[in-house]
Amino acid sequence: MKKGISALFSGVTPRRFFGMLIGNMLIGTGSAILRLTVLGTDPFTGMNLGMAGFTGVPFIACQTILNLALFGIQIRFGRDLIGIGTIVNALLLSVFVSGAYSILHFFTGDLTSFPVRLITLIPGLLVIGLGLGLYQDARLGVAPYDAIPLMVCARFPKVPFFACRVALDGAATLVCFLTGGVVGIGTLASALGLGPIVNTFDRLFIRRLMAPEKK
C-alpha cells in the first residue's frame with residue numbers, strides 16, 4: 001500500500017505539480033467557455049453534460065462517477081499511467097468546469113448572438129489547448145478517459161492510437177447526442193483543433209517551461 005502511495009507521487013516537483021494543477025484549471029475554464037457558446041464542447045464534457053441532463057444527476061457527480069469507473073479500469077490495465085495528476089483530473093476537473101461556468105455566466109449571461117457565440121469558441125479552444133499542454137507535459141499521470149486508447153493500444157499493439165482515440169471520442173459524442181446533449185461546431189472544433197493547438201503551445205514555450213529541473 002505504501003509502495004502504491006509512493007508511486008502516486010513519483011516525479012512530483014513544485015513546478016510539475018503546479019503546472020498540472022493550473023493545466024486542469026485552464027482545461028475546466030476553457031470547457032466552461034465552450035459550454036457558454038451552446039455550440040458543443042469536447043466529447044467527454046459533452047457526454048457528461050448530456051447524461052447529467054438526461055438522468056437529473058448533477059454534472060459534477062455524473063462526471064466524477066464516470067471517472068471513478070474508468071479509474072477502476074485504469075488500475076486494472078494501466079497502472080503505470082496513474083499519478084497524482086490522474087487523481088486531480090478525475091475528482092476536480094468537473095468542479096473547475098462548473099465553477100468557471102458559474103462565474104463566467106454571471107458576467108456574460110446567455111450568449112444569444114450566433115456570431116458572438118462562434119467567435120467565443122476561439123478563446124475557449126485556446127485555453128483548453130494551453131491547459132492540456134501544461135497537464136500533459138507535467139507527466140504526473142494520465143486522465144482516466146485519456147488513458148483508454150493508451151491501454152487498448154498497449155493490449156492490442158496492431159491497433160493504431162489515432163483509430164482508438166477517434167472511436168472513443170465518437171462513442172462519447174454519440175452518447176452526448178442520444179442523451180440530449182449539445183453536439184455542434186464546438187464538438188467538431190474540439191476534435192480537430194485541440195491537437196494542433198496543444199502542439200503549437202508545446203513548441204512555443206510549454207516544453208521549455210516544463211523541462212526537468214536541474215539538480
# chains A, B, ... in the order shown; residues from 1 in each chain; ligands from 1
>>> residues_around(residues="Ile206 (chain A)", least_positions_apart="2", cutoff="9 Å", atoms="only C-alpha atoms", output="list in words")
Leu130, Gly133, Leu134, Asp137, Phe201, Asp202, Arg203, Leu204, Arg208, Leu209, Met210 and Ala211 of chain A
>>> write_last_selection(atoms="all heavy atoms", output="compact mmCIF listing (two decimals), in the first residue's frame")
# COMPACT_ATOMS: atom_id res chain seq x y z
N LEU A 130 -3.97 25.25 -24.06
CA LEU A 130 -2.90 25.64 -23.14
C LEU A 130 -2.92 24.76 -21.90
O LEU A 130 -1.87 24.28 -21.43
CB LEU A 130 -3.07 27.11 -22.74
CG LEU A 130 -2.07 27.68 -21.73
CD1 LEU A 130 -0.65 27.54 -22.24
CD2 LEU A 130 -2.40 29.14 -21.42
N GLY A 133 -1.66 21.25 -22.68
CA GLY A 133 -0.21 21.23 -22.84
C GLY A 133 0.50 21.19 -21.51
O GLY A 133 1.43 20.40 -21.29
N LEU A 134 0.07 22.03 -20.56
CA LEU A 134 0.67 22.05 -19.23
C LEU A 134 0.45 20.73 -18.50
O LEU A 134 1.36 20.18 -17.89
CB LEU A 134 0.08 23.20 -18.41
CG LEU A 134 0.52 24.62 -18.81
CD1 LEU A 134 -0.33 25.65 -18.09
CD2 LEU A 134 1.99 24.83 -18.47
N ASP A 137 2.51 17.82 -20.28
CA ASP A 137 3.97 17.93 -20.15
C ASP A 137 4.43 17.81 -18.70
O ASP A 137 5.62 17.59 -18.46
CB ASP A 137 4.45 19.26 -20.75
CG ASP A 137 4.61 19.17 -22.26
OD1 ASP A 137 3.99 18.28 -22.86
OD2 ASP A 137 5.34 20.00 -22.84
N PHE A 201 1.42 25.37 -28.71
CA PHE A 201 1.81 25.87 -27.39
C PHE A 201 3.03 25.12 -26.86
O PHE A 201 3.93 25.72 -26.26
CB PHE A 201 0.66 25.76 -26.40
CG PHE A 201 -0.36 26.86 -26.50
CD1 PHE A 201 -1.71 26.58 -26.56
CD2 PHE A 201 0.03 28.19 -26.52
CE1 PHE A 201 -2.66 27.59 -26.66
CE2 PHE A 201 -0.91 29.21 -26.61
CZ PHE A 201 -2.24 28.92 -26.68
N ASP A 202 3.03 23.82 -27.08
CA ASP A 202 4.13 22.99 -26.60
C ASP A 202 5.44 23.41 -27.25
O ASP A 202 6.48 23.54 -26.59
CB ASP A 202 3.83 21.52 -26.91
CG ASP A 202 4.79 20.57 -26.22
OD1 ASP A 202 4.91 20.65 -24.99
OD2 ASP A 202 5.44 19.76 -26.91
N ARG A 203 5.39 23.65 -28.55
CA ARG A 203 6.58 24.03 -29.29
C ARG A 203 7.05 25.44 -28.93
O ARG A 203 8.24 25.71 -28.86
CB ARG A 203 6.29 23.94 -30.79
CG ARG A 203 7.51 23.99 -31.68
CD ARG A 203 7.18 23.60 -33.11
NE ARG A 203 6.14 24.44 -33.69
CZ ARG A 203 4.91 24.04 -33.97
NH1 ARG A 203 4.56 22.79 -33.70
NH2 ARG A 203 4.03 24.86 -34.50
N LEU A 204 6.10 26.33 -28.66
CA LEU A 204 6.44 27.73 -28.38
C LEU A 204 7.10 27.91 -27.01
O LEU A 204 8.10 28.62 -26.88
CB LEU A 204 5.19 28.61 -28.48
CG LEU A 204 4.65 28.87 -29.89
CD1 LEU A 204 3.35 29.65 -29.81
CD2 LEU A 204 5.67 29.64 -30.73
N ARG A 208 9.70 23.94 -22.84
CA ARG A 208 10.82 24.52 -22.08
C ARG A 208 10.40 24.81 -20.64
O ARG A 208 11.18 24.61 -19.69
CB ARG A 208 11.31 25.81 -22.74
CG ARG A 208 11.93 25.59 -24.12
CD ARG A 208 12.63 26.86 -24.61
NE ARG A 208 11.68 27.95 -24.79
CZ ARG A 208 11.00 28.15 -25.91
NH1 ARG A 208 11.14 27.31 -26.94
NH2 ARG A 208 10.17 29.18 -26.02
N LEU A 209 9.17 25.29 -20.46
CA LEU A 209 8.68 25.62 -19.13
C LEU A 209 8.63 24.41 -18.22
O LEU A 209 8.97 24.46 -17.04
CB LEU A 209 7.30 26.26 -19.23
CG LEU A 209 6.62 26.67 -17.93
CD1 LEU A 209 7.39 27.81 -17.27
CD2 LEU A 209 5.17 27.09 -18.19
N MET A 210 8.21 23.28 -18.80
CA MET A 210 8.03 22.06 -18.00
C MET A 210 9.20 21.10 -18.12
O MET A 210 9.09 19.93 -17.74
CB MET A 210 6.73 21.35 -18.44
CG MET A 210 5.48 22.19 -18.27
SD MET A 210 5.26 22.81 -16.59
CE MET A 210 4.99 21.26 -15.73
N ALA A 211 10.34 21.57 -18.64
CA ALA A 211 11.51 20.73 -18.76
C ALA A 211 11.97 20.29 -17.39
O ALA A 211 11.76 20.99 -16.39
CB ALA A 211 12.64 21.48 -19.47
>>> residues_around(residues="Leu70 (chain A)", least_positions_apart="5", cutoff="9 Å", atoms="only C-alpha atoms", output="ChimeraX atom specification")
/A:65,75,144-145,147-148
>>> write_last_selection(atoms="C-alpha atoms", output="tab-separated table (two decimals), in the first residue's frame")
chain	number	residue	atom	x	y	z
A	65	ILE	CA	-18.84	8.77	-11.01
A	75	ILE	CA	-5.96	0.44	-12.06
A	144	PRO	CA	-8.87	8.10	-16.86
A	145	TYR	CA	-10.69	8.99	-20.11
A	147	ALA	CA	-5.91	6.51	-20.70
A	148	ILE	CA	-8.44	4.31	-22.51
>>> select_by_dssp(residues="region 98-158 of chain A", states="alpha helix (DSSP H)", output="count of residues only")
48
>>> closest_residue(among="A:Asn89, A:Gln63, A:Ser98, A:Thr179", to="Phe44 (chain A)", atoms="only C-alpha atoms")
A:Gln63
>>> residues_around(residues="Gly180 (chain A)", least_positions_apart="3", cutoff="7 Å", atoms="only C-alpha atoms", output="PDB file with C-alpha atoms, in the first residue's frame")
ATOM      1  CA  GLY A  50     -25.807  15.135 -21.703  1.00  0.00           C
ATOM      2  CA  PHE A  54     -30.898  13.057 -19.045  1.00  0.00           C
ATOM      3  CA  CYS A 176     -23.936  13.073 -25.797  1.00  0.00           C
ATOM      4  CA  PHE A 177     -26.337  13.218 -28.743  1.00  0.00           C
TER       5      PHE A 177
END
>>> closest_residue(among="A:Val152, A:Ser113, A:Phe59, A:Gly99", to="Ala167 (chain A)", atoms="only C-alpha atoms")
A:Val152
>>> closest_residue(among="A:Gly193, A:Pro123, A:Gly72, A:Gly83", to="Leu36 (chain A)", atoms="only C-alpha atoms")
A:Pro123
>>> atom_distance(atom1="CA of Val159 (chain A)", atom2="CA of Gln136 (chain A)")
22.5 Å
>>> closest_residue(among="A:Leu174, A:Leu8, A:Leu188, A:Ile73", to="Asn48 (chain A)", atoms="only C-alpha atoms")
A:Leu174
>>> closest_residue(among="A:Ile82, A:Ile22, A:Ala90, A:Ala32", to="Ala69 (chain A)", atoms="only C-alpha atoms")
A:Ala90
>>> atom_distance(atom1="CA of Val97 (chain A)", atom2="CA of Thr29 (chain A)")
5.8 Å
>>> closest_residue(among="A:Thr108, A:Ser10, A:Thr173, A:Asn199", to="Thr187 (chain A)", atoms="only C-alpha atoms")
A:Thr173
>>> residues_around(residues="Phe162 (chain A)", least_positions_apart="5", cutoff="12 Å", atoms="only C-alpha atoms", output="PyMOL selection string")
chain A and resi 149-150+152-153+167-170+191+195
>>> residues_around(residues="Asp42 (chain A)", least_positions_apart="5", cutoff="10 Å", atoms="only C-alpha atoms", output="list in words")
Gly30, Ser31, Leu34, Arg35, Met47, Leu125, Ile128, Asp169, Ala172, Thr173, Val183, Gly186, Thr187, Leu188, Ala189, Ser190, Ala191 and Leu194 of chain A
>>> residues_around(residues="Asp110 (chain A)", least_positions_apart="5", cutoff="12 Å", atoms="only C-alpha atoms", output="PDB file with N, CA and C atoms, in the first residue's frame")
ATOM      1  N   ILE A  33     -16.057  27.951 -21.162  1.00  0.00           N
ATOM      2  CA  ILE A  33     -16.254  28.926 -22.245  1.00  0.00           C
ATOM      3  C   ILE A  33     -16.995  28.281 -23.407  1.00  0.00           C
ATOM      4  N   ARG A  35     -18.957  25.756 -23.201  1.00  0.00           N
ATOM      5  CA  ARG A  35     -20.325  25.491 -22.736  1.00  0.00           C
ATOM      6  C   ARG A  35     -21.193  26.742 -22.865  1.00  0.00           C
ATOM      7  N   LEU A  36     -20.592  27.905 -22.649  1.00  0.00           N
ATOM      8  CA  LEU A  36     -21.338  29.169 -22.786  1.00  0.00           C
ATOM      9  C   LEU A  36     -21.853  29.379 -24.202  1.00  0.00           C
ATOM     10  N   THR A  37     -21.104  28.895 -25.186  1.00  0.00           N
ATOM     11  CA  THR A  37     -21.485  29.124 -26.584  1.00  0.00           C
ATOM     12  C   THR A  37     -22.698  28.310 -27.005  1.00  0.00           C
ATOM     13  N   VAL A  38     -22.982  27.234 -26.279  1.00  0.00           N
ATOM     14  CA  VAL A  38     -24.065  26.287 -26.636  1.00  0.00           C
ATOM     15  C   VAL A  38     -23.877  25.783 -28.068  1.00  0.00           C
ATOM     16  N   TYR A 101     -17.845  28.048 -15.175  1.00  0.00           N
ATOM     17  CA  TYR A 101     -19.072  28.351 -15.914  1.00  0.00           C
ATOM     18  C   TYR A 101     -19.978  29.280 -15.103  1.00  0.00           C
ATOM     19  N   SER A 102     -20.128  29.025 -13.822  1.00  0.00           N
ATOM     20  CA  SER A 102     -20.981  29.867 -12.972  1.00  0.00           C
ATOM     21  C   SER A 102     -20.469  31.302 -12.928  1.00  0.00           C
ATOM     22  N   LEU A 104     -18.392  32.829 -15.173  1.00  0.00           N
ATOM     23  CA  LEU A 104     -18.476  33.450 -16.497  1.00  0.00           C
ATOM     24  C   LEU A 104     -19.917  33.797 -16.853  1.00  0.00           C
ATOM     25  N   HIS A 105     -20.839  32.877 -16.559  1.00  0.00           N
ATOM     26  CA  HIS A 105     -22.244  33.118 -16.896  1.00  0.00           C
ATOM     27  C   HIS A 105     -22.813  34.269 -16.089  1.00  0.00           C
ATOM     28  N   VAL A 116     -21.304  36.064 -32.030  1.00  0.00           N
ATOM     29  CA  VAL A 116     -20.578  36.173 -30.760  1.00  0.00           C
ATOM     30  C   VAL A 116     -20.271  34.784 -30.219  1.00  0.00           C
ATOM     31  N   ARG A 117     -21.239  33.894 -30.276  1.00  0.00           N
ATOM     32  CA  ARG A 117     -21.031  32.532 -29.801  1.00  0.00           C
ATOM     33  C   ARG A 117     -19.943  31.833 -30.608  1.00  0.00           C
TER      34      ARG A 117
END
>>> atom_distance(atom1="CA of Thr112 (chain A)", atom2="CA of Val175 (chain A)")
26.0 Å
